[in-house]
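Reproduced below: target_23.cif, with mmCIF, C-alpha atoms.
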data_protein
#
loop_
_atom_site.label_atom_id
_atom_site.label_comp_id
_atom_site.auth_asym_id
_atom_site.auth_seq_id
_atom_site.Cartn_x
_atom_site.Cartn_y
_atom_site.Cartn_z
CA MET H 1369 46.69 52.22 167.71
CA ALA H 1370 49.70 52.85 165.45
CA THR H 1371 52.37 55.24 166.67
CA PRO H 1372 52.34 58.51 164.65
CA LYS H 1373 55.26 58.82 162.27
CA ASP H 1374 57.73 61.46 163.45
CA ASP H 1375 59.35 63.11 160.45
CA TYR H 1376 60.47 66.26 162.26
CA VAL H 1377 63.14 67.99 160.18
CA PHE H 1378 65.29 69.02 163.15
CA THR H 1379 66.93 67.06 165.97
CA ARG H 1380 64.87 67.21 169.20
CA ASP H 1381 68.03 67.60 171.28
CA ILE H 1382 69.25 70.13 173.81
CA LEU H 1383 70.45 72.53 171.12
CA ASP H 1384 67.15 72.39 169.23
CA ASN H 1385 65.15 72.79 172.44
CA SER H 1386 67.22 75.79 173.49
CA ARG H 1387 66.72 77.37 170.06
CA LEU H 1388 62.94 76.99 170.32
CA ASN H 1389 62.80 78.34 173.88
CA LEU H 1390 64.91 81.36 172.96
CA MET H 1391 62.86 82.02 169.81
CA HIS H 1392 59.75 81.98 171.99
CA LYS H 1393 61.13 84.77 174.18
CA HIS H 1394 62.13 86.87 171.16
CA TRP H 1395 58.74 86.46 169.47
CA VAL H 1396 56.75 87.31 172.59
CA LYS H 1397 58.90 90.42 173.12
CA ASP H 1398 58.45 91.36 169.45
CA PHE H 1399 54.66 91.01 169.36
CA GLY H 1400 53.97 91.89 172.99
CA TYR H 1401 51.54 89.07 173.72
CA LEU H 1402 51.09 85.31 173.99
CA LEU H 1403 47.44 85.41 172.97
CA HIS H 1404 46.11 88.24 170.84
CA PRO H 1405 44.54 90.95 173.02
CA LYS H 1406 41.20 90.51 171.25
CA ILE H 1407 40.92 86.90 172.44
CA PRO H 1408 38.94 86.89 175.73
CA THR H 1409 40.79 85.04 178.48
CA GLU H 1410 38.99 86.07 181.66
CA GLY H 1411 36.29 83.39 181.59
CA LYS H 1412 36.25 80.43 183.94
CA ASN H 1413 37.06 76.89 182.82
CA LEU H 1414 38.54 77.87 179.48
CA ARG H 1415 40.14 75.07 177.47
CA ILE H 1416 43.10 75.91 175.25
CA ALA H 1417 45.02 73.67 172.85
CA ASP H 1418 48.62 74.22 171.80
CA ILE H 1419 49.23 72.21 168.64
CA GLY H 1420 52.81 71.19 168.00
CA CYS H 1421 53.66 72.20 171.57
CA GLY H 1422 57.32 71.14 171.26
CA THR H 1423 59.23 72.15 174.40
CA SER H 1424 55.96 73.34 175.99
CA ILE H 1425 57.45 76.80 176.49
CA TRP H 1426 54.34 78.59 175.19
CA LEU H 1427 52.06 76.49 177.41
CA LEU H 1428 54.19 77.07 180.49
CA ASP H 1429 54.34 80.81 179.84
CA VAL H 1430 50.64 81.33 179.13
CA CYS H 1431 49.65 79.04 182.02
CA ASP H 1432 51.16 81.55 184.46
CA ARG H 1433 49.10 84.40 183.04
CA LEU H 1434 45.58 82.95 182.78
CA PRO H 1435 43.04 81.91 185.44
CA LYS H 1436 43.96 78.74 187.30
CA SER H 1437 40.70 77.16 186.12
CA THR H 1438 42.00 77.14 182.53
CA GLN H 1439 42.75 73.69 181.13
CA PHE H 1440 45.62 73.40 178.65
CA ASP H 1441 46.15 70.56 176.18
CA GLY H 1442 49.55 70.13 174.57
CA LEU H 1443 49.29 68.17 171.33
CA ASP H 1444 52.29 66.91 169.38
CA ILE H 1445 53.66 63.91 167.56
CA SER H 1446 56.46 63.53 170.13
CA PHE H 1447 57.12 64.78 173.64
CA ASP H 1448 60.85 64.14 173.65
CA ALA H 1449 61.39 67.91 173.82
CA SER H 1450 58.94 68.54 176.68
CA PRO H 1451 59.80 68.63 180.38
CA PRO H 1452 58.80 65.52 182.37
CA GLN H 1453 55.17 65.39 183.37
CA ASP H 1454 55.99 65.50 187.09
CA VAL H 1455 57.28 69.10 186.79
CA ILE H 1456 54.39 70.31 184.62
CA PRO H 1457 51.51 72.26 186.25
CA SER H 1458 48.51 70.05 186.93
CA ASN H 1459 46.25 71.94 184.50
CA ILE H 1460 48.47 71.05 181.52
CA THR H 1461 48.04 67.64 179.92
CA PHE H 1462 49.75 66.11 176.90
CA ARG H 1463 48.40 63.95 174.12
CA LYS H 1464 49.96 62.58 170.95
CA TRP H 1465 48.28 63.71 167.76
CA ASN H 1466 49.54 64.12 164.22
CA VAL H 1467 47.87 67.03 162.41
CA LYS H 1468 47.92 64.91 159.24
CA GLU H 1469 45.56 62.42 160.90
CA PRO H 1470 41.82 62.89 161.64
CA VAL H 1471 40.88 64.88 164.73
CA PRO H 1472 40.08 62.53 167.64
CA GLU H 1473 36.34 62.54 168.21
CA ASP H 1474 36.59 63.78 171.79
CA LEU H 1475 38.58 66.84 170.65
CA ILE H 1476 35.98 68.03 168.14
CA GLY H 1477 34.34 71.21 169.42
CA ALA H 1478 36.38 71.00 172.62
CA PHE H 1479 38.44 74.22 172.73
CA ASP H 1480 37.85 77.91 173.32
CA VAL H 1481 41.24 78.65 171.75
CA VAL H 1482 43.48 76.66 169.44
CA HIS H 1483 47.03 77.99 169.17
CA LEU H 1484 49.89 76.92 166.92
CA ARG H 1485 53.21 78.36 165.91
CA PHE H 1486 56.32 77.57 163.84
CA PHE H 1487 54.58 75.20 161.42
CA ILE H 1488 56.32 76.46 158.29
CA TYR H 1489 58.77 73.55 158.45
CA VAL H 1490 56.05 71.00 159.24
CA LEU H 1491 53.47 71.34 156.47
CA LEU H 1492 53.65 71.60 152.71
CA LYS H 1493 51.37 74.10 151.01
CA GLU H 1494 48.94 71.45 149.79
CA GLU H 1495 48.58 70.14 153.36
CA VAL H 1496 47.69 73.49 154.95
CA PRO H 1497 43.99 73.81 153.99
CA ASP H 1498 43.20 70.37 155.41
CA ALA H 1499 45.11 71.18 158.60
CA VAL H 1500 43.19 74.45 159.05
CA SER H 1501 39.93 72.57 158.57
CA LYS H 1502 40.91 70.24 161.41
CA PHE H 1503 41.86 73.11 163.71
CA VAL H 1504 38.46 74.70 163.06
CA GLN H 1505 36.74 71.41 163.91
CA MET H 1506 38.40 71.53 167.31
CA LEU H 1507 36.89 74.91 168.23
CA LYS H 1508 33.80 75.46 170.31
CA PRO H 1509 31.21 77.77 168.69
CA GLY H 1510 32.68 81.28 168.92
CA GLY H 1511 36.18 79.92 169.57
CA TYR H 1512 39.45 81.45 168.36
CA LEU H 1513 42.24 80.11 166.19
CA GLN H 1514 45.66 81.79 166.50
CA TRP H 1515 48.48 80.85 164.14
CA VAL H 1516 51.87 82.56 164.45
CA ASP H 1517 54.58 81.98 161.85
CA SER H 1518 57.36 83.53 159.82
CA ASP H 1519 56.86 84.54 156.20
CA ASN H 1520 60.14 83.31 154.78
CA GLU H 1521 59.28 84.77 151.37
CA SER H 1522 59.83 88.21 152.89
CA ILE H 1523 63.35 87.56 154.21
CA ARG H 1524 65.83 90.17 153.05
CA VAL H 1525 69.55 90.08 153.65
CA LYS H 1526 70.49 93.45 155.12
CA ARG H 1527 74.04 94.47 155.99
CA SER H 1528 74.66 95.87 159.46
CA LYS H 1529 77.76 97.50 157.94
CA PRO H 1530 78.34 98.32 154.25
CA GLU H 1531 81.51 96.25 154.16
CA ASN H 1532 79.85 93.06 155.43
CA ARG H 1533 79.67 90.28 152.87
CA THR H 1534 76.47 88.28 152.41
CA GLU H 1535 77.53 85.43 150.14
CA SER H 1536 77.89 82.86 152.95
CA LEU H 1537 74.43 83.60 154.33
CA GLU H 1538 72.86 83.38 150.89
CA GLN H 1539 74.60 80.06 150.27
CA LEU H 1540 73.32 78.75 153.61
CA PHE H 1541 69.74 79.61 152.63
CA GLY H 1542 70.26 77.78 149.35
CA LEU H 1543 71.62 74.69 151.12
CA LEU H 1544 68.70 74.68 153.55
CA LYS H 1545 66.10 74.81 150.77
CA SER H 1546 67.80 71.93 148.95
CA GLN H 1547 67.44 69.51 151.87
CA ASP H 1548 63.66 69.22 152.11
CA PRO H 1549 60.72 70.92 150.32
CA ARG H 1550 59.45 72.04 153.73
CA PHE H 1551 62.47 74.35 153.98
CA ASN H 1552 61.06 76.47 151.16
CA PRO H 1553 57.63 77.52 152.46
CA THR H 1554 55.75 80.04 150.34
CA TRP H 1555 52.24 79.74 151.73
CA VAL H 1556 52.25 81.86 154.91
CA PRO H 1557 50.68 84.96 153.24
CA GLN H 1558 47.74 82.77 152.21
CA ILE H 1559 46.82 81.71 155.75
CA PRO H 1560 44.06 84.38 156.07
CA LYS H 1561 42.45 82.98 152.89
CA PHE H 1562 42.67 79.44 154.27
CA PHE H 1563 40.92 80.68 157.42
CA LEU H 1564 38.14 82.34 155.42
CA ASP H 1565 37.73 79.31 153.18
CA CYS H 1566 37.05 77.22 156.29
CA GLY H 1567 34.27 79.57 157.38
CA LEU H 1568 36.07 81.56 160.05
CA GLN H 1569 34.86 85.11 160.62
CA ASP H 1570 36.57 88.31 161.79
CA VAL H 1571 39.92 87.10 160.48
CA GLU H 1572 42.79 89.45 161.29
CA ALA H 1573 46.39 89.25 160.10
CA GLU H 1574 49.03 91.13 162.07
CA ILE H 1575 52.14 91.49 159.94
CA HIS H 1576 55.24 93.45 160.81
CA ASP H 1577 58.99 93.55 160.45
CA SER H 1578 61.04 92.96 163.56
CA PRO H 1579 63.10 96.00 164.66
CA PRO H 1580 66.82 95.65 163.86
CA HIS H 1581 67.92 94.64 167.37
CA LEU H 1582 65.35 91.83 167.57
CA ALA H 1583 65.98 90.85 163.96
CA TRP H 1584 69.62 90.31 164.88
CA LEU H 1585 68.72 88.08 167.84
CA MET H 1586 66.28 86.07 165.72
CA HIS H 1587 68.92 85.81 163.01
CA GLU H 1588 71.30 84.19 165.47
CA CYS H 1589 68.60 81.71 166.47
CA GLY H 1590 67.98 81.03 162.80
CA LEU H 1591 71.63 80.18 162.23
CA VAL H 1592 71.26 77.36 164.77
CA MET H 1593 68.90 75.64 162.31
CA HIS H 1594 71.77 75.19 159.90
CA GLU H 1595 73.88 73.62 162.62
CA LEU H 1596 71.02 71.23 163.42
CA ILE H 1597 70.72 70.20 159.79
CA ALA H 1598 74.46 69.66 159.61
CA ARG H 1599 74.18 67.33 162.60
CA LYS H 1600 71.21 65.42 161.25
CA THR H 1601 72.00 65.10 157.55
CA GLN H 1602 73.47 61.95 156.07
CA ASN H 1603 75.11 64.10 153.39
CA LYS H 1604 78.70 64.59 154.56
CA GLU H 1605 79.49 67.11 151.83
CA MET H 1606 76.49 69.23 152.74
CA ALA H 1607 77.38 69.09 156.44
CA GLU H 1608 80.93 70.23 155.67
CA LYS H 1609 79.61 73.17 153.62
CA VAL H 1610 77.39 74.28 156.47
CA GLN H 1611 80.25 74.11 158.95
CA ARG H 1612 82.38 76.20 156.59
CA LEU H 1613 79.74 78.84 155.87
CA LEU H 1614 78.30 79.36 159.35
CA PRO H 1615 81.17 81.41 160.85
CA ALA H 1616 80.93 83.93 158.02
CA ALA H 1617 77.13 84.37 158.16
CA VAL H 1618 77.10 87.58 160.18
CA THR H 1619 74.67 89.90 158.36
CA ILE H 1620 71.18 90.75 159.55
CA PRO H 1621 68.15 89.37 157.69
CA PRO H 1622 65.03 91.07 159.08
CA ILE H 1623 62.29 88.44 159.08
CA THR H 1624 58.69 89.50 158.61
CA SER H 1625 56.86 87.94 161.52
CA VAL H 1626 53.22 87.05 160.98
CA SER H 1627 50.60 86.62 163.67
CA LEU H 1628 47.20 85.43 162.48
CA THR H 1629 44.14 85.40 164.68
CA SER H 1630 40.53 84.50 164.00
#

What is this file in structure tokens?
Amino acid sequence: MATPKDDYVFTRDILDNSRLNLMHKHWVKDFGYLLHPKIPTEGKNLRIADIGCGTSIWLLDVCDRLPKSTQFDGLDISFDASPPQDVIPSNITFRKWNVKEPVPEDLIGAFDVVHLRFFIYVLLKEEVPDAVSKFVQMLKPGGYLQWVDSDNESIRVKRSKPENRTESLEQLFGLLKSQDPRFNPTWVPQIPKFFLDCGLQDVEAEIHDSPPHLAWLMHECGLVMHELIARKTQNKEMAEKVQRLLPAAVTIPPITSVSLTS
């Protein structure tokens, strides 16, 4: 079988892993849950998939909070960011799968819950409906799909002090968008429609702005993305611009966080 192509836009290094793990803590604090409270988790022998599991931080966190009989499957195109298997709880297993490829037959109808997060820099808008269709295929009858992501269209640059300048931050956003079309996602508000189009019922969208103190912490995590791109890019001029602009990017952009559950 051919190895899935890994076209991840970031670096899969210690800095990137730390960014993702810290973002996880901020998001859980912001929303107050790992799985939406309406998703039943008390049953025995539940099976839960985490798609694009990355550092496995969500899996490791939720594993501690659910019954020990729960089986967790971490699916990703690469496990370079995950801890070694010998330190992972025995009820978590990993498997390579690219969401742009067909669902493996043995994973169709296999899961009580399918969870994914931070896919805005993975999929283009035209790829999202097909991906949702695959996630739905993976659910057992009556299963739940939870997708958590940031609506970057709602980002506003907000000064913490009137005298703060925002030009550097705005230029950084412009540089980021110019590097890859995935850095300019516009489709997050349409996820509920994609869910409904695939036949899901009781679709709920939880949308809210982060409070200023959490927005600031998330903003700092977001700035790390620019550093990662500067490290990875082959464009020396672009990398130099990022290094010049980063120190001055000190304003707060509250990001509208979006949690979608069906």

(request) Evaluate the PyMOL selection byres ((chain H and resi 1420-1423) around 10) and record the selected residues as a PyMOL selection string, following the chain and residue labels used in the document. (result) chain H and resi 1380+1384-1386+1388-1389+1417-1419+1424-1428+1441-1451+1462+1464-1467+1483-1487+1490

(message) Give me, as a VMD selection string, all polymer residues having an atom no more than 10 Å from segment 1552-1559 of chain H, counting all atoms listed in the file and skipping those fewer than 4 positions away in the same chain.
(response) chain H and resid 1487 to 1494 1496 to 1497 1500 1515 to 1522 1541 to 1542 1544 to 1548 1563 to 1565 1571 1573 1575 1626 1628

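Comparing the minimum interatomic distances between Gly1510 of chain H and each of H:Ile1382, H:Leu1582, H:Leu1540, H:Ile1407, counting all atoms listed in the file, we find that H:Ile1407 sits nearest.
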
(request) Take the PyMOL selection byres ((chain H and resi 1612) around 12), apply it to the structure above, and return the hits as a PyMOL selection string. (result) chain H and resi 1536-1537+1539-1540+1594-1595+1598+1605-1611+1613-1617

(request) Run through the PyMOL selection byres ((chain H and resi 1413-1416) around 9) on the given coordinates and return the selected residues as a PyMOL selection string. (result) chain H and resi 1409-1412+1417-1418+1435-1442+1478-1483

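Here atom CA of Leu1507 of chain H and atom CA of Gln1453 of chain H stand 25.6 Å from one another.
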
(message) Can you measure atom CA of Leu1383 of chain H to atom CA of Val1592 of chain H for me? One decimal in Å is fine.
(response) 8.0 Å

(request) May I ask which of the residues H:Glu1574, H:Arg1463, H:Glu1473, H:Val1377 is the closest one to Met1506 of chain H, counting all atoms listed in the file? (result)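 Using all atoms listed in the file, Met1506 of chain H sits closest to H:Glu1473.
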
(message) One decimal, in Å: what's the spacing between atom CA of Pro1408 of chain H and atom CA of Tyr1512 of chain H?
(response) 9.2 Å

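With only C-alpha atoms as the atoms that count, the minimum distance from Phe1378 of chain H to the choices H:Asp1474, H:Leu1390, H:Arg1527, H:Ile1597 is reached by H:Ile1597.
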
Write a file for segment 1572-1600 of chain H, containing N, CA, C and O atoms (output as a PDB file, in the first residue's frame).
ATOM      1  N   GLU H1572     -26.068  20.935  15.920  1.00  0.00           N
ATOM      2  CA  GLU H1572     -25.936  22.128  16.749  1.00  0.00           C
ATOM      3  C   GLU H1572     -24.596  22.791  16.472  1.00  0.00           C
ATOM      4  O   GLU H1572     -23.579  22.108  16.317  1.00  0.00           O
ATOM      5  N   ALA H1573     -24.601  24.109  16.421  1.00  0.00           N
ATOM      6  CA  ALA H1573     -23.365  24.872  16.270  1.00  0.00           C
ATOM      7  C   ALA H1573     -23.199  25.774  17.484  1.00  0.00           C
ATOM      8  O   ALA H1573     -24.055  26.621  17.745  1.00  0.00           O
ATOM      9  N   GLU H1574     -22.140  25.589  18.227  1.00  0.00           N
ATOM     10  CA  GLU H1574     -21.839  26.455  19.366  1.00  0.00           C
ATOM     11  C   GLU H1574     -20.768  27.443  18.927  1.00  0.00           C
ATOM     12  O   GLU H1574     -19.641  27.054  18.595  1.00  0.00           O
ATOM     13  N   ILE H1575     -21.120  28.701  18.922  1.00  0.00           N
ATOM     14  CA  ILE H1575     -20.229  29.745  18.410  1.00  0.00           C
ATOM     15  C   ILE H1575     -20.093  30.824  19.474  1.00  0.00           C
ATOM     16  O   ILE H1575     -21.096  31.318  19.996  1.00  0.00           O
ATOM     17  N   HIS H1576     -18.868  31.178  19.801  1.00  0.00           N
ATOM     18  CA  HIS H1576     -18.698  32.258  20.762  1.00  0.00           C
ATOM     19  C   HIS H1576     -17.318  32.885  20.627  1.00  0.00           C
ATOM     20  O   HIS H1576     -16.384  32.269  20.110  1.00  0.00           O
ATOM     21  N   ASP H1577     -17.220  34.117  21.065  1.00  0.00           N
ATOM     22  CA  ASP H1577     -15.942  34.804  21.137  1.00  0.00           C
ATOM     23  C   ASP H1577     -15.243  34.427  22.443  1.00  0.00           C
ATOM     24  O   ASP H1577     -15.867  34.327  23.494  1.00  0.00           O
ATOM     25  N   SER H1578     -13.937  34.239  22.344  1.00  0.00           N
ATOM     26  CA  SER H1578     -13.160  33.993  23.552  1.00  0.00           C
ATOM     27  C   SER H1578     -13.105  35.270  24.388  1.00  0.00           C
ATOM     28  O   SER H1578     -13.004  36.368  23.840  1.00  0.00           O
ATOM     29  N   PRO H1579     -13.137  35.162  25.716  1.00  0.00           N
ATOM     30  CA  PRO H1579     -12.979  36.351  26.560  1.00  0.00           C
ATOM     31  C   PRO H1579     -11.579  36.925  26.356  1.00  0.00           C
ATOM     32  O   PRO H1579     -10.659  36.216  25.937  1.00  0.00           O
ATOM     33  N   PRO H1580     -11.393  38.208  26.646  1.00  0.00           N
ATOM     34  CA  PRO H1580     -10.121  38.868  26.325  1.00  0.00           C
ATOM     35  C   PRO H1580      -8.875  38.166  26.857  1.00  0.00           C
ATOM     36  O   PRO H1580      -7.866  38.088  26.166  1.00  0.00           O
ATOM     37  N   HIS H1581      -8.933  37.643  28.082  1.00  0.00           N
ATOM     38  CA  HIS H1581      -7.722  37.025  28.637  1.00  0.00           C
ATOM     39  C   HIS H1581      -7.346  35.757  27.895  1.00  0.00           C
ATOM     40  O   HIS H1581      -6.162  35.490  27.656  1.00  0.00           O
ATOM     41  N   LEU H1582      -8.353  34.964  27.473  1.00  0.00           N
ATOM     42  CA  LEU H1582      -8.056  33.765  26.696  1.00  0.00           C
ATOM     43  C   LEU H1582      -7.710  34.117  25.253  1.00  0.00           C
ATOM     44  O   LEU H1582      -6.881  33.454  24.626  1.00  0.00           O
ATOM     45  N   ALA H1583      -8.343  35.159  24.733  1.00  0.00           N
ATOM     46  CA  ALA H1583      -8.019  35.603  23.380  1.00  0.00           C
ATOM     47  C   ALA H1583      -6.543  35.994  23.292  1.00  0.00           C
ATOM     48  O   ALA H1583      -5.873  35.716  22.289  1.00  0.00           O
ATOM     49  N   TRP H1584      -6.043  36.629  24.346  1.00  0.00           N
ATOM     50  CA  TRP H1584      -4.635  37.015  24.358  1.00  0.00           C
ATOM     51  C   TRP H1584      -3.727  35.789  24.333  1.00  0.00           C
ATOM     52  O   TRP H1584      -2.750  35.721  23.580  1.00  0.00           O
ATOM     53  N   LEU H1585      -4.052  34.775  25.154  1.00  0.00           N
ATOM     54  CA  LEU H1585      -3.242  33.560  25.192  1.00  0.00           C
ATOM     55  C   LEU H1585      -3.281  32.833  23.843  1.00  0.00           C
ATOM     56  O   LEU H1585      -2.261  32.335  23.365  1.00  0.00           O
ATOM     57  N   MET H1586      -4.468  32.776  23.242  1.00  0.00           N
ATOM     58  CA  MET H1586      -4.583  32.124  21.939  1.00  0.00           C
ATOM     59  C   MET H1586      -3.845  32.919  20.867  1.00  0.00           C
ATOM     60  O   MET H1586      -3.268  32.359  19.927  1.00  0.00           O
ATOM     61  N   HIS H1587      -3.875  34.233  21.000  1.00  0.00           N
ATOM     62  CA  HIS H1587      -3.146  35.098  20.074  1.00  0.00           C
ATOM     63  C   HIS H1587      -1.657  34.777  20.104  1.00  0.00           C
ATOM     64  O   HIS H1587      -1.007  34.654  19.062  1.00  0.00           O
ATOM     65  N   GLU H1588      -1.111  34.600  21.310  1.00  0.00           N
ATOM     66  CA  GLU H1588       0.308  34.273  21.405  1.00  0.00           C
ATOM     67  C   GLU H1588       0.614  32.928  20.757  1.00  0.00           C
ATOM     68  O   GLU H1588       1.643  32.764  20.090  1.00  0.00           O
ATOM     69  N   CYS H1589      -0.282  31.956  20.951  1.00  0.00           N
ATOM     70  CA  CYS H1589      -0.105  30.667  20.270  1.00  0.00           C
ATOM     71  C   CYS H1589      -0.167  30.847  18.754  1.00  0.00           C
ATOM     72  O   CYS H1589       0.590  30.217  18.006  1.00  0.00           O
ATOM     73  N   GLY H1590      -1.079  31.713  18.314  1.00  0.00           N
ATOM     74  CA  GLY H1590      -1.217  31.952  16.881  1.00  0.00           C
ATOM     75  C   GLY H1590       0.029  32.555  16.266  1.00  0.00           C
ATOM     76  O   GLY H1590       0.395  32.254  15.121  1.00  0.00           O
ATOM     77  N   LEU H1591       0.710  33.412  17.031  1.00  0.00           N
ATOM     78  CA  LEU H1591       1.933  34.023  16.518  1.00  0.00           C
ATOM     79  C   LEU H1591       3.007  32.973  16.240  1.00  0.00           C
ATOM     80  O   LEU H1591       3.852  33.158  15.359  1.00  0.00           O
ATOM     81  N   VAL H1592       2.970  31.868  16.977  1.00  0.00           N
ATOM     82  CA  VAL H1592       3.954  30.803  16.748  1.00  0.00           C
ATOM     83  C   VAL H1592       3.827  30.245  15.334  1.00  0.00           C
ATOM     84  O   VAL H1592       4.819  29.822  14.726  1.00  0.00           O
ATOM     85  N   MET H1593       2.601  30.258  14.781  1.00  0.00           N
ATOM     86  CA  MET H1593       2.415  29.756  13.414  1.00  0.00           C
ATOM     87  C   MET H1593       3.294  30.512  12.428  1.00  0.00           C
ATOM     88  O   MET H1593       3.861  29.923  11.499  1.00  0.00           O
ATOM     89  N   HIS H1594       3.416  31.804  12.617  1.00  0.00           N
ATOM     90  CA  HIS H1594       4.225  32.605  11.708  1.00  0.00           C
ATOM     91  C   HIS H1594       5.702  32.229  11.823  1.00  0.00           C
ATOM     92  O   HIS H1594       6.422  32.169  10.823  1.00  0.00           O
ATOM     93  N   GLU H1595       6.136  31.955  13.033  1.00  0.00           N
ATOM     94  CA  GLU H1595       7.511  31.497  13.236  1.00  0.00           C
ATOM     95  C   GLU H1595       7.738  30.157  12.534  1.00  0.00           C
ATOM     96  O   GLU H1595       8.785  29.934  11.911  1.00  0.00           O
ATOM     97  N   LEU H1596       6.753  29.267  12.619  1.00  0.00           N
ATOM     98  CA  LEU H1596       6.876  27.960  11.970  1.00  0.00           C
ATOM     99  C   LEU H1596       6.978  28.104  10.454  1.00  0.00           C
ATOM    100  O   LEU H1596       7.778  27.412   9.804  1.00  0.00           O
ATOM    101  N   ILE H1597       6.173  28.999   9.902  1.00  0.00           N
ATOM    102  CA  ILE H1597       6.215  29.213   8.452  1.00  0.00           C
ATOM    103  C   ILE H1597       7.559  29.814   8.051  1.00  0.00           C
ATOM    104  O   ILE H1597       8.144  29.446   7.021  1.00  0.00           O
ATOM    105  N   ALA H1598       8.067  30.713   8.880  1.00  0.00           N
ATOM    106  CA  ALA H1598       9.375  31.300   8.587  1.00  0.00           C
ATOM    107  C   ALA H1598      10.458  30.225   8.572  1.00  0.00           C
ATOM    108  O   ALA H1598      11.400  30.275   7.776  1.00  0.00           O
ATOM    109  N   ARG H1599      10.324  29.233   9.446  1.00  0.00           N
ATOM    110  CA  ARG H1599      11.306  28.152   9.481  1.00  0.00           C
ATOM    111  C   ARG H1599      11.189  27.245   8.256  1.00  0.00           C
ATOM    112  O   ARG H1599      12.191  26.760   7.731  1.00  0.00           O
ATOM    113  N   LYS H1600       9.940  27.013   7.834  1.00  0.00           N
ATOM    114  CA  LYS H1600       9.713  26.016   6.800  1.00  0.00           C
ATOM    115  C   LYS H1600       9.839  26.568   5.384  1.00  0.00           C
ATOM    116  O   LYS H1600      10.191  25.837   4.456  1.00  0.00           O
TER     117      LYS H1600
END
